[in-house]
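Dumped input.txt below, it's compact mmCIF, C-alpha atoms:
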# COMPACT_ATOMS: atom_id res chain seq x y z
CA MET A 729 -67.36 38.02 70.21
CA SER A 730 -68.07 37.63 73.94
CA ASP A 731 -66.46 39.79 76.63
CA LEU A 732 -64.44 36.79 77.83
CA GLN A 733 -62.99 36.17 74.36
CA ARG A 734 -62.22 39.85 73.88
CA SER A 735 -60.46 40.02 77.25
CA PHE A 736 -58.39 36.93 76.41
CA GLN A 737 -57.27 38.36 73.04
CA LYS A 738 -56.32 41.69 74.62
CA SER A 739 -54.14 40.09 77.25
CA LYS A 740 -52.50 37.84 74.65
CA LEU A 741 -51.68 40.71 72.27
CA ALA A 742 -50.23 42.74 75.12
CA ARG A 743 -47.62 40.05 75.78
CA PHE A 744 -46.38 39.96 72.14
CA PRO A 745 -42.81 41.37 71.80
CA LEU A 746 -42.09 44.11 69.31
CA GLU A 747 -39.14 42.14 67.88
CA PRO A 748 -38.74 40.68 65.31
CA PRO A 749 -40.33 43.31 63.07
CA MET A 750 -43.77 42.50 61.75
CA PRO A 751 -45.07 43.97 58.48
CA LEU A 752 -47.72 46.58 59.06
CA ASN A 753 -50.40 45.03 56.92
CA SER A 754 -50.14 41.57 58.50
CA HIS A 755 -50.43 43.02 62.04
CA LEU A 756 -53.44 45.09 61.12
CA GLY A 757 -54.93 42.02 59.49
CA ALA A 758 -54.73 40.21 62.83
CA LEU A 759 -56.52 43.09 64.51
CA ASP A 760 -59.17 43.09 61.80
CA GLU A 761 -59.97 39.46 62.62
CA ILE A 762 -60.63 40.46 66.24
CA ASP A 763 -62.95 43.27 65.15
CA ASP A 764 -64.91 41.11 62.72
CA GLU A 765 -68.17 41.38 64.64
CA GLU A 766 -67.82 44.39 66.95
CA GLY A 767 -65.68 46.95 65.07
CA GLN A 768 -62.55 48.78 66.12
CA ASP A 769 -64.34 51.30 68.39
CA ASP A 770 -64.84 48.69 71.16
CA LEU A 771 -61.14 47.95 71.50
CA GLY A 772 -59.46 49.11 74.68
CA GLY A 773 -56.69 51.60 75.05
CA GLU A 774 -54.10 48.86 75.25
CA GLU A 775 -54.54 47.96 71.58
CA ASN A 776 -54.59 51.62 70.62
CA ASP A 777 -51.27 51.93 72.38
CA ILE A 778 -49.89 49.16 70.17
CA ASP A 779 -51.19 50.91 67.08
CA SER A 780 -49.64 54.18 68.18
CA ARG A 781 -46.29 52.52 68.76
CA MET A 782 -46.43 50.95 65.31
CA ASP A 783 -47.10 54.32 63.71
CA THR A 784 -44.09 55.84 65.40
CA PRO A 785 -41.28 56.32 62.81
CA SER A 786 -38.68 55.10 65.28
CA SER A 787 -40.53 51.85 65.92
CA PRO A 788 -39.10 48.74 64.27
CA CYS A 789 -42.64 47.85 63.14
CA SER A 790 -43.19 51.14 61.33
CA SER A 791 -43.27 51.23 57.54
CA ALA A 792 -40.63 53.94 57.52
CA SER A 793 -38.04 51.69 59.13
CA SER A 794 -38.78 48.59 57.04
CA THR A 795 -38.66 49.96 53.49
CA SER A 796 -35.38 48.14 52.88
CA THR A 797 -36.94 44.76 53.66
CA ILE A 798 -40.28 45.13 51.86
CA ARG A 799 -40.23 44.81 48.06
CA PRO A 800 -42.75 46.98 46.22
CA LEU A 801 -45.63 45.08 44.64
CA PHE A 802 -44.86 46.27 41.10
CA ALA A 803 -41.07 46.33 41.34
CA ARG A 804 -39.16 46.13 38.07
CA PRO A 805 -37.78 42.60 37.60
CA GLU A 806 -34.04 42.15 37.62
CA PRO A 807 -32.60 41.93 34.10
CA ARG A 808 -31.82 38.43 32.89
CA LYS A 809 -28.26 37.47 32.13
CA LYS A 810 -27.65 37.77 28.41
CA ALA A 811 -26.99 34.47 26.67
CA SER A 812 -23.49 33.97 25.35
CA LEU A 813 -22.99 34.32 21.60
CA GLU A 814 -19.45 32.97 21.53
CA PRO A 815 -18.94 30.29 18.82
CA LEU A 816 -18.53 26.71 20.01
CA PRO A 817 -15.72 24.59 18.51
CA TRP A 818 -16.55 21.60 16.31
CA ASN A 819 -14.26 19.26 18.27
CA GLN A 820 -16.72 19.22 21.16
CA TYR A 821 -19.02 17.12 18.96
CA PHE A 822 -16.78 15.27 16.47
CA SER A 823 -13.44 13.54 16.87
CA SER A 824 -11.89 14.60 13.56
CA SER A 825 -12.21 16.97 10.63
CA LEU A 826 -11.40 15.42 7.24
CA TYR A 827 -10.53 16.84 3.83
CA LEU A 828 -11.28 14.09 1.33
CA LEU A 829 -9.66 14.48 -2.08
CA HIS A 830 -11.49 12.96 -5.03
CA GLU A 831 -8.68 12.72 -7.57
CA PRO A 832 -10.76 12.15 -10.76
CA THR A 833 -12.55 15.50 -10.28
CA SER A 834 -10.01 17.31 -8.02
CA ALA A 835 -12.86 17.98 -5.60
CA VAL A 836 -12.08 18.28 -1.89
CA PHE A 837 -14.95 17.37 0.40
CA HIS A 838 -14.83 18.58 3.97
CA ALA A 839 -16.41 16.30 6.58
CA TYR A 840 -16.69 15.89 10.33
CA LEU A 841 -16.34 12.34 11.61
CA THR A 842 -16.64 10.26 14.73
CA SER A 843 -15.81 6.69 13.71
CA PRO A 844 -17.97 3.75 14.81
CA THR A 845 -16.57 1.14 17.20
CA ASN A 846 -17.38 -2.51 17.92
CA ASN A 847 -19.24 -3.01 14.63
CA GLY A 848 -21.47 -0.05 15.35
CA PRO A 849 -23.50 1.68 12.64
CA LEU A 850 -22.42 4.81 10.80
CA PHE A 851 -24.97 7.62 10.55
CA VAL A 852 -24.26 9.62 7.38
CA THR A 853 -25.94 13.02 7.34
CA HIS A 854 -26.72 15.53 4.61
CA HIS A 855 -27.72 19.08 5.54
CA GLY A 856 -30.24 21.36 3.88
CA ALA A 857 -29.60 24.20 1.44
CA GLY A 858 -27.57 26.99 3.00
CA SER A 859 -26.46 24.94 6.02
CA SER A 860 -23.31 22.91 6.70
CA GLY A 861 -22.17 19.65 8.25
CA LEU A 862 -22.15 21.29 11.69
CA SER A 863 -25.92 21.51 11.49
CA PHE A 864 -25.85 17.97 12.91
CA ALA A 865 -23.28 18.65 15.66
CA LEU A 866 -25.64 18.45 18.64
CA LEU A 867 -27.57 15.57 17.08
CA ALA A 868 -24.32 13.60 16.64
CA SER A 869 -23.47 14.11 20.30
CA GLU A 870 -26.93 12.99 21.42
CA ILE A 871 -26.87 9.90 19.20
CA ARG A 872 -23.60 8.74 20.74
CA LYS A 873 -25.02 9.18 24.22
CA ILE A 874 -27.69 6.63 23.32
CA LEU A 875 -25.59 4.48 20.95
CA PRO A 876 -22.01 4.71 22.25
CA ALA A 877 -20.68 2.42 19.49
CA ALA A 878 -22.24 4.44 16.66
CA GLY A 879 -20.30 6.74 14.35
CA VAL A 880 -21.43 9.91 12.63
CA LEU A 881 -20.19 11.28 9.30
CA SER A 882 -21.44 14.79 8.54
CA PHE A 883 -20.03 16.56 5.49
CA ASP A 884 -20.36 19.93 3.78
CA SER A 885 -22.20 19.68 0.49
CA ARG A 886 -20.66 21.28 -2.58
CA GLY A 887 -21.12 25.03 -2.53
CA HIS A 888 -21.39 24.93 1.26
CA GLY A 889 -18.95 25.09 4.14
CA GLU A 890 -15.33 24.28 3.31
CA THR A 891 -15.99 21.83 0.47
CA LYS A 892 -14.41 22.93 -2.83
CA THR A 893 -15.25 21.44 -6.21
CA PRO A 894 -14.53 22.51 -9.81
CA ASN A 895 -18.20 23.48 -10.16
CA ASP A 896 -19.67 24.58 -6.85
CA GLU A 897 -22.75 25.99 -8.59
CA ASP A 898 -23.95 22.60 -9.86
CA LEU A 899 -26.43 21.66 -7.15
CA SER A 900 -28.61 19.37 -9.20
CA LEU A 901 -30.00 16.33 -7.41
CA PRO A 902 -28.03 13.72 -9.41
CA THR A 903 -24.78 15.59 -8.68
CA LEU A 904 -25.51 15.87 -4.96
CA SER A 905 -26.45 12.18 -4.77
CA GLN A 906 -23.20 11.16 -6.45
CA ASP A 907 -21.27 13.42 -4.06
CA PHE A 908 -22.95 11.65 -1.15
CA VAL A 909 -21.82 8.23 -2.35
CA THR A 910 -18.33 9.57 -3.11
CA VAL A 911 -17.88 11.00 0.39
CA VAL A 912 -18.88 7.71 2.04
CA GLU A 913 -16.44 5.74 -0.12
CA LEU A 914 -13.62 8.25 0.44
CA ALA A 915 -14.19 8.15 4.21
CA LYS A 916 -14.00 4.35 4.17
CA GLU A 917 -10.70 4.53 2.30
CA LYS A 918 -9.32 7.34 4.47
CA CYS A 919 -10.14 5.59 7.75
CA GLY A 920 -8.99 2.17 6.57
CA TRP A 921 -12.21 0.34 7.32
CA GLY A 922 -11.91 -3.23 6.15
CA LYS A 923 -15.56 -3.31 5.21
CA MET A 924 -18.25 -0.70 4.96
CA PRO A 925 -20.09 -0.37 8.28
CA ASP A 926 -23.86 -0.58 8.43
CA LEU A 927 -25.22 2.75 7.22
CA VAL A 928 -28.16 4.85 8.36
CA LEU A 929 -28.71 7.82 6.05
CA VAL A 930 -30.08 11.02 7.58
CA GLY A 931 -31.09 14.07 5.57
CA HIS A 932 -32.72 17.38 6.46
CA SER A 933 -34.78 19.35 3.93
CA LEU A 934 -32.74 19.22 0.70
CA GLY A 935 -30.65 16.52 2.39
CA GLY A 936 -33.80 14.43 2.81
CA ALA A 937 -34.32 14.50 -0.95
CA VAL A 938 -30.68 13.46 -1.44
CA VAL A 939 -30.78 10.47 0.92
CA ALA A 940 -34.07 9.26 -0.58
CA ASP A 941 -32.52 9.46 -4.04
CA VAL A 942 -29.38 7.62 -2.87
CA ALA A 943 -31.45 4.89 -1.22
CA MET A 944 -33.63 4.58 -4.32
CA GLY A 945 -30.58 4.27 -6.58
CA GLY A 946 -29.02 1.54 -4.42
CA LYS A 947 -25.49 2.79 -5.06
CA LEU A 948 -24.40 1.91 -1.53
CA GLY A 949 -25.79 -1.60 -1.86
CA GLY A 950 -26.96 -3.66 1.08
CA ASN A 951 -24.96 -1.60 3.56
CA VAL A 952 -27.87 0.83 3.88
CA LEU A 953 -29.99 -0.40 6.78
CA GLY A 954 -32.43 2.49 6.62
CA TYR A 955 -32.82 6.19 6.02
CA VAL A 956 -34.30 9.11 7.94
CA VAL A 957 -35.87 12.19 6.35
CA LEU A 958 -36.19 15.31 8.52
CA ASP A 959 -39.05 17.75 7.90
CA VAL A 960 -39.40 17.64 4.15
CA VAL A 961 -42.40 16.44 2.15
CA GLU A 962 -42.80 16.78 -1.59
CA GLY A 963 -46.14 18.60 -1.59
CA SER A 964 -45.41 21.17 1.10
CA ALA A 965 -41.83 21.69 -0.10
CA ILE A 966 -42.96 22.58 -3.62
CA ASP A 967 -45.64 24.89 -2.23
CA ALA A 968 -43.06 26.63 -0.05
CA LEU A 969 -40.85 27.39 -3.04
CA GLN A 970 -43.31 30.07 -4.11
CA SER A 971 -42.47 32.16 -1.05
CA MET A 972 -38.74 31.39 -1.00
CA GLN A 973 -37.73 34.54 -2.85
CA THR A 974 -39.74 36.64 -0.40
CA TYR A 975 -37.93 35.00 2.49
CA LEU A 976 -34.52 35.56 0.91
CA SER A 977 -35.31 39.23 0.26
CA THR A 978 -35.98 39.78 3.97
CA ARG A 979 -32.86 37.97 5.14
CA PRO A 980 -29.92 40.26 6.04
CA SER A 981 -27.17 40.14 3.45
CA GLY A 982 -24.42 40.68 6.01
CA PHE A 983 -23.57 41.26 9.65
CA THR A 984 -21.26 43.56 11.54
CA SER A 985 -19.89 40.70 13.63
CA LEU A 986 -20.07 36.95 13.98
CA ALA A 987 -22.04 37.34 17.20
CA GLN A 988 -24.68 39.39 15.39
CA GLY A 989 -25.01 36.68 12.77
CA ILE A 990 -25.50 34.05 15.47
CA GLU A 991 -28.13 36.15 17.24
CA CYS A 992 -30.02 36.95 14.02
CA THR A 993 -30.11 33.31 12.89
CA ARG A 994 -31.09 32.13 16.36
CA SER A 995 -34.05 34.50 16.46
CA ARG A 996 -35.24 33.75 12.91
CA THR A 997 -34.65 30.05 12.18
CA ILE A 998 -32.72 28.12 14.86
CA ARG A 999 -34.35 28.24 18.28
CA ASN A 1000 -31.62 26.41 20.17
CA PRO A 1001 -28.85 28.89 21.21
CA ALA A 1002 -26.23 26.16 21.66
CA SER A 1003 -26.82 24.78 18.18
CA ALA A 1004 -26.72 28.26 16.65
CA ARG A 1005 -23.35 28.90 18.30
CA VAL A 1006 -21.79 25.82 16.71
CA SER A 1007 -23.51 25.75 13.30
CA VAL A 1008 -23.89 29.40 12.26
CA PRO A 1009 -20.17 30.35 12.16
CA ALA A 1010 -19.67 27.79 9.36
CA LEU A 1011 -22.37 29.57 7.32
CA LEU A 1012 -20.64 32.95 7.36
CA LEU A 1013 -17.46 34.22 5.76
CA SER A 1014 -15.57 37.42 6.51
CA ASP A 1015 -15.43 39.36 3.25
CA THR A 1016 -14.88 43.09 2.78
CA THR A 1017 -15.62 43.06 -0.95
CA PRO A 1018 -19.05 44.32 -2.08
CA SER A 1019 -21.81 41.76 -2.45
CA GLU A 1020 -22.92 41.40 -6.07
CA SER A 1021 -26.35 39.99 -5.24
CA SER A 1022 -27.30 42.64 -2.69
CA GLY A 1023 -25.42 45.59 -4.14
CA ASP A 1024 -24.27 46.53 -0.64
CA SER A 1025 -20.85 48.11 -0.94
CA SER A 1026 -20.59 49.09 2.74
CA PRO A 1027 -17.64 47.45 4.50
CA SER A 1028 -19.41 47.84 7.87
CA ARG A 1029 -20.99 44.37 7.49
CA PRO A 1030 -18.09 42.12 6.50
CA TRP A 1031 -19.66 38.83 7.61
CA ARG A 1032 -21.62 37.44 4.66
CA TRP A 1033 -23.29 34.15 3.76
CA ARG A 1034 -21.03 31.53 2.23
CA THR A 1035 -23.82 30.20 0.02
CA ASP A 1036 -25.95 32.46 -2.17
CA LEU A 1037 -29.29 30.67 -2.02
CA ALA A 1038 -30.80 32.89 -4.71
CA LYS A 1039 -28.43 31.33 -7.25
CA THR A 1040 -29.76 27.84 -6.46
CA GLN A 1041 -33.27 28.67 -7.74
CA PRO A 1042 -32.90 26.73 -11.04
CA PHE A 1043 -32.54 23.51 -9.00
CA TRP A 1044 -35.38 23.98 -6.51
CA GLN A 1045 -38.07 22.15 -8.44
CA GLY A 1046 -35.81 19.23 -9.32
CA TRP A 1047 -34.88 18.64 -5.70
CA PHE A 1048 -38.37 17.73 -4.53
CA VAL A 1049 -40.34 16.42 -7.50
CA GLY A 1050 -40.92 12.69 -6.98
CA LEU A 1051 -39.60 12.76 -3.41
CA SER A 1052 -42.58 10.97 -1.82
CA LYS A 1053 -42.46 8.14 -4.39
CA LYS A 1054 -38.73 7.60 -3.85
CA PHE A 1055 -39.12 7.67 -0.09
CA LEU A 1056 -41.81 5.01 -0.14
CA GLN A 1057 -40.28 2.73 -2.79
CA ALA A 1058 -36.61 2.67 -1.77
CA ARG A 1059 -35.36 -0.39 0.11
CA GLY A 1060 -34.61 -0.25 3.81
CA GLY A 1061 -36.29 1.01 6.94
CA LYS A 1062 -37.94 4.40 6.62
CA LEU A 1063 -38.38 7.08 9.25
CA LEU A 1064 -39.99 10.47 8.64
CA ILE A 1065 -39.70 13.10 11.38
CA LEU A 1066 -41.82 16.22 10.96
CA ALA A 1067 -42.49 19.42 12.86
CA GLY A 1068 -46.25 19.08 12.16
CA THR A 1069 -48.74 16.69 10.60
CA ASP A 1070 -49.96 19.40 8.22
CA ARG A 1071 -46.81 18.80 6.17
CA LEU A 1072 -47.96 15.34 5.01
CA ASP A 1073 -49.14 15.05 1.43
CA ARG A 1074 -51.69 12.58 0.08
CA GLU A 1075 -49.17 9.95 -1.01
CA LEU A 1076 -47.45 9.89 2.38
CA ILE A 1077 -50.74 9.79 4.27
CA ILE A 1078 -51.74 6.68 2.34
CA GLY A 1079 -48.31 5.13 2.86
CA GLN A 1080 -48.41 5.84 6.57
CA MET A 1081 -51.85 4.21 6.89
CA GLN A 1082 -50.45 1.17 5.08
CA GLY A 1083 -47.53 0.96 7.52
CA LYS A 1084 -44.84 1.55 4.90
CA TYR A 1085 -42.79 3.84 7.12
CA GLN A 1086 -42.52 5.14 10.67
CA LEU A 1087 -43.74 8.67 11.38
CA VAL A 1088 -42.67 10.85 14.31
CA VAL A 1089 -44.03 14.34 14.92
CA LEU A 1090 -42.08 16.64 17.24
CA PRO A 1091 -44.14 19.49 18.74
CA GLU A 1092 -42.88 22.99 19.45
CA VAL A 1093 -39.96 22.91 17.03
CA GLY A 1094 -39.23 24.76 13.82
CA HIS A 1095 -38.00 23.58 10.44
CA PHE A 1096 -34.53 22.90 11.89
CA LEU A 1097 -35.98 20.32 14.27
CA HIS A 1098 -32.70 18.42 14.65
CA GLU A 1099 -31.11 21.61 15.95
CA ASP A 1100 -34.08 22.81 18.01
CA ALA A 1101 -34.59 19.44 19.72
CA PRO A 1102 -31.46 17.31 19.17
CA GLY A 1103 -32.23 15.04 22.13
CA LYS A 1104 -35.72 14.10 20.95
CA THR A 1105 -34.53 13.68 17.36
CA ALA A 1106 -31.63 11.47 18.45
CA GLY A 1107 -33.96 9.36 20.57
CA SER A 1108 -36.25 8.76 17.60
CA VAL A 1109 -33.37 7.99 15.24
CA SER A 1110 -31.59 5.68 17.70
CA PHE A 1111 -34.71 3.74 18.59
CA PHE A 1112 -35.53 3.46 14.89
CA PHE A 1113 -32.14 1.83 14.30
CA SER A 1114 -32.32 -0.47 17.31
CA PHE A 1115 -35.91 -1.49 16.69
CA HIS A 1116 -35.26 -2.54 13.11
CA PHE A 1117 -31.67 -3.76 13.26
CA PHE A 1118 -31.10 -5.29 16.67
CA LEU A 1119 -28.26 -7.83 16.81
CA PHE A 1120 -28.43 -11.23 18.45
CA VAL A 1121 -25.82 -13.92 19.08
CA GLU A 1122 -26.11 -17.51 20.22
CA GLY A 1123 -24.41 -18.68 23.40
CA ASP A 1124 -24.71 -21.60 25.81
CA GLY A 1125 -27.86 -22.81 24.11
CA ASP A 1126 -29.74 -19.61 24.94
CA ARG A 1127 -30.42 -16.65 22.77
CA LYS A 1128 -28.62 -13.66 24.23
CA ARG A 1129 -29.07 -10.08 23.24
CA ARG A 1130 -26.16 -7.98 22.11
CA GLY A 1131 -27.25 -4.41 21.41
CA LEU A 1132 -25.59 -1.17 20.56
CA MET A 1133 -27.77 0.83 22.90
CA GLY A 1134 -27.11 1.51 26.55
CA GLU A 1135 -29.29 0.17 29.33
CA VAL A 1136 -32.97 -0.03 28.41
CA GLY A 1137 -35.97 -1.03 30.49
CA THR A 1138 -37.03 -4.68 30.50
CA GLY A 1139 -40.21 -3.88 28.62
CA GLY A 1140 -38.19 -2.28 25.81
CA TRP A 1141 -35.98 -5.36 25.42
CA GLU A 1142 -39.00 -7.66 25.37
CA GLN A 1143 -40.59 -5.64 22.59
CA LEU A 1144 -37.37 -5.79 20.56
CA VAL A 1145 -37.10 -9.55 21.07
CA GLU A 1146 -40.69 -10.08 19.98
CA PHE A 1147 -40.16 -7.87 16.95
CA TYR A 1148 -37.07 -9.86 16.01
CA LYS A 1149 -38.88 -13.18 16.36
CA ARG A 1150 -41.73 -11.96 14.17
CA ASN A 1151 -39.36 -10.69 11.49
CA ASP A 1152 -36.62 -13.33 11.56
CA ARG A 1153 -36.26 -14.37 7.91
CA SER A 1154 -33.56 -17.00 8.44
CA ALA A 1155 -36.06 -19.87 8.57
CA LEU A 1156 -38.22 -18.65 5.68
CA VAL A 1157 -38.20 -20.22 2.25
CA LEU A 1158 -39.40 -17.55 -0.16
CA PRO A 1159 -40.22 -17.69 -3.86
CA PRO A 1160 -37.38 -16.39 -6.08
CA LYS A 1161 -38.94 -13.02 -6.89
CA VAL A 1162 -39.77 -12.32 -3.26
CA SER A 1163 -36.32 -13.36 -2.05
CA ASP A 1164 -34.71 -10.92 -4.50
CA MET A 1165 -36.34 -8.06 -2.62
CA TYR A 1166 -34.29 -8.83 0.49
CA LYS A 1167 -30.90 -9.02 -1.16
Could you express the structure from this file as structure tokens?
Amino acid sequence: MSDLQRSFQKSKLARFPLEPPMPLNSHLGALDEIDDEEGQDDLGGEENDIDSRMDTPSSPCSSASSTSTIRPLFARPEPRKKASLEPLPWNQYFSSSLYLLHEPTSAVFHAYLTSPTNNGPLFVTHHGAGSSGLSFALLASEIRKILPAAGVLSFDSRGHGETKTPNDEDLSLPTLSQDFVTVVELAKEKCGWGKMPDLVLVGHSLGGAVVADVAMGGKLGGNVLGYVVLDVVEGSAIDALQSMQTYLSTRPSGFTSLAQGIECTRSRTIRNPASARVSVPALLLSDTTPSESSGDSSPSRPWRWRTDLAKTQPFWQGWFVGLSKKFLQARGGKLLILAGTDRLDRELIIGQMQGKYQLVVLPEVGHFLHEDAPGKTAGSVSFFFSFHFFLFVEGDGDRKRRGLMGEVGTGGWEQLVEFYKRNDRSALVLPPKVSDMYK
């Protein structure tokens, strides 16, 4: 640095005010830049005076007077606000709670319902083992955001939730499938629907096996437009049964409070806190009597599981054997949503390559994918319905679109129109055997 440059910097620094306060390190850093080539020994007394004033405890630039404004480098972070564990009411997600009496068997099925409007479809859901109808609460809300005219019927299977039957321990697949059909028919009668709305069946885990069996049996006739299976595949499900007892042995048999049950379930299986707050309370029951299965006689953990999954072991194999074949062969549109591609078995891989069904893989979710990511799941389910079953009406000589979805981009509508044109069967004349497949 030349003498002229050094003289200019000295005079400029001398004119700097002491206010506002300047951190010590940043000021010294500025001086270090001046001394890059010459060193601090060549600086005049004027700069040393500045340094001496900064080192004075009474100076506003001293470190002693600015400790309240400088945060230590390794300061302990402020604790995060603890998430609420208060239960959420069901009526935030459904419009009504129904108790459907089946007089021939005296069974009372409990269901949550939001009725469809304007000829909208009805999504009928079946939960997995140990869950309840509220497992689909957030998904139902997200579906109606995308399809405002759609309805959702989500019921508690026998042995689960508030459903009561003469034999709650009979959880065989034929019994559960018949219960599914019964609930749909009872809801139609209860709500006074003139005709059965278009149905989209949705099942998670065990529920996926039930909806595939119902679709394969054809007991709901042509009203079933399609069915959706959530994270269950025959091969991986049967393999997982070998470790099911180990999982159940590590699961707490009871909880001291409802909040503890919500927190435990949220940390172990359901990753979405909001979904855990609405679905977990329906899985627990306050009971001060000793648990027979666990042998725990302590009344300090009164909140226990409504459904004893260990007692359902005789039915495990029957739930999933033949699932892939039913899923591929049943009539209607097919959608499989998985939490990972490693869950696919050989039969489904071949079927997917042949284009027999639609596959969606959701990353970063657990087994309860419809609870962990209800928005993404609802988007896949709603687009699946609209893509396959879009409605059109004629008017003024032009084909107009009448959909059940909200506003969609122009490109999306064009794709739906092209799909409809390619799959419009009204002008086809098919051989008798082929035409029977579409009845």
Q. How many Å lie between CA of Lys892 (chain A) and CA of Ala839 (chain A), rounded to one decimal?
A.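 We find that CA of Lys892 (chain A) and CA of Ala839 (chain A) lie 11.7 Å from each other.
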Please report, as JSON lines, each residue of region 822-906 of chain A lying at most 10 Å from region 947-963 of chain A, together with the nearest pair of atoms and the separation in Å rounded to one decimal; use all atoms listed in the file, and order rows by chain and ascending residue number.
{"residue": "A:Pro849", "atom": "CA", "partner": "A:Leu953", "partner_atom": "CA", "distance": 9.0}
{"residue": "A:Leu850", "atom": "CA", "partner": "A:Val952", "partner_atom": "CA", "distance": 9.7}
{"residue": "A:Phe851", "atom": "CA", "partner": "A:Tyr955", "partner_atom": "CA", "distance": 9.2}
{"residue": "A:Val852", "atom": "CA", "partner": "A:Tyr955", "partner_atom": "CA", "distance": 9.3}
{"residue": "A:Thr853", "atom": "CA", "partner": "A:Val956", "partner_atom": "CA", "distance": 9.2}
{"residue": "A:His854", "atom": "CA", "partner": "A:Val957", "partner_atom": "CA", "distance": 9.9}
{"residue": "A:His855", "atom": "CA", "partner": "A:Leu958", "partner_atom": "CA", "distance": 9.7}
{"residue": "A:Gly856", "atom": "CA", "partner": "A:Leu958", "partner_atom": "CA", "distance": 9.7}
{"residue": "A:Ser905", "atom": "CA", "partner": "A:Lys947", "partner_atom": "CA", "distance": 9.4}
{"residue": "A:Gln906", "atom": "CA", "partner": "A:Lys947", "partner_atom": "CA", "distance": 8.8}
Report, as AutoDock Vina command-line options, the axis-aligned box around all atoms of region 888-907 of chain A present in the file, extended by 8 Å on each side; give centre and edge lengths in Å to one decimal place.
--center_x -22.2 --center_y 18.6 --center_z -3.0 --size_x 31.6 --size_y 30.8 --size_z 30.3
Q: Kindly give the distance, in Å, that separates CA of Trp818 (chain A) and CA of His888 (chain A), rounded to a single decimal.
A: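 Distance reported for this atom pair: 16.2 Å.
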Q. Counting only C-alpha atoms, what is within 12 Å of Gly1068 (chain A), bar same-chain residues fewer than 3 positions away, as a list of chain:residue names?
A. A:Leu958, A:Asp959, A:Val960, A:Val961, A:Ser964, A:Leu1064, A:Ile1065, A:Arg1071, A:Leu1072, A:Asp1073, A:Leu1087, A:Val1088, A:Val1089, A:Leu1090, A:Pro1091, A:Glu1092, A:Val1093, A:Gly1094, A:His1095, A:Leu1097
Write out, as a compact mmCIF listing (two decimals), in the coordinates of the input, the residues just selected, with C-alpha atoms.
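Below you can see result_10.txt, which holds the result:
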# COMPACT_ATOMS: atom_id res chain seq x y z
CA LEU A 958 -36.19 15.31 8.52
CA ASP A 959 -39.05 17.75 7.90
CA VAL A 960 -39.40 17.64 4.15
CA VAL A 961 -42.40 16.44 2.15
CA SER A 964 -45.41 21.17 1.10
CA LEU A 1064 -39.99 10.47 8.64
CA ILE A 1065 -39.70 13.10 11.38
CA ARG A 1071 -46.81 18.80 6.17
CA LEU A 1072 -47.96 15.34 5.01
CA ASP A 1073 -49.14 15.05 1.43
CA LEU A 1087 -43.74 8.67 11.38
CA VAL A 1088 -42.67 10.85 14.31
CA VAL A 1089 -44.03 14.34 14.92
CA LEU A 1090 -42.08 16.64 17.24
CA PRO A 1091 -44.14 19.49 18.74
CA GLU A 1092 -42.88 22.99 19.45
CA VAL A 1093 -39.96 22.91 17.03
CA GLY A 1094 -39.23 24.76 13.82
CA HIS A 1095 -38.00 23.58 10.44
CA LEU A 1097 -35.98 20.32 14.27
Q) Could you work out how far CA of Leu866 (chain A) lies from CA of Thr1105 (chain A), giving the answer in Å with one decimal? A) 10.2 Å
Per residue of region 847-896 of chain A within 9 Å of region 993-1005 of chain A, what are the shortest atom pair and its distance in Å to one decimal, counting all atoms listed in the file, with rows by chain and residue number, as CSV?
residue,atom,partner,partner_atom,distance
A:Leu862,CA,A:Ser1003,CA,8.7
A:Ser863,CA,A:Ser1003,CA,7.5
A:Phe864,CA,A:Ser1003,CA,8.7
A:Ala865,CA,A:Ser1003,CA,7.5
A:Leu866,CA,A:Ser1003,CA,6.5
Q: Write out as a PyMOL selection string the residues lying within 10 Å of Thr893 (chain A), counting only C-alpha atoms and excluding same-chain residues fewer than 5 positions away.
A: chain A and resi 829-830+833-837+885-887+898
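Here the question is which of A:Ala877, A:Asn819, A:Gly920, A:Val938 gets nearest to Asp907 (chain A) using only C-alpha atoms, and that residue is A:Val938.
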Q: Name the residues, using the chain letters and numbers of the file, that sit within 6 Å of (-23.2, 33.3, 19.5) when counting only C-alpha atoms, and give them as a PyMOL selection string.
A: chain A and resi 812-815+987+990+1005
**Q.** Shortest interatomic distance to Gly946 (chain A) - which of A:Gly931, A:Pro876, A:Gly861, A:Gly1060, counting only C-alpha atoms
**A.**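 Closest to Gly946 (chain A), using only C-alpha atoms: A:Gly1060.
The residue that comes closest to Gly922 (chain A), out of A:Gln737, A:Thr974, A:Asn847, A:Ser860 and on the basis of all atoms listed in the file, is A:Asn847.
Comparing the minimum interatomic distances between Ala968 (chain A) and each of A:Gln1082, A:Trp1044, A:Gly936, A:Gly1061, counting all atoms listed in the file, we find that A:Trp1044 sits nearest.
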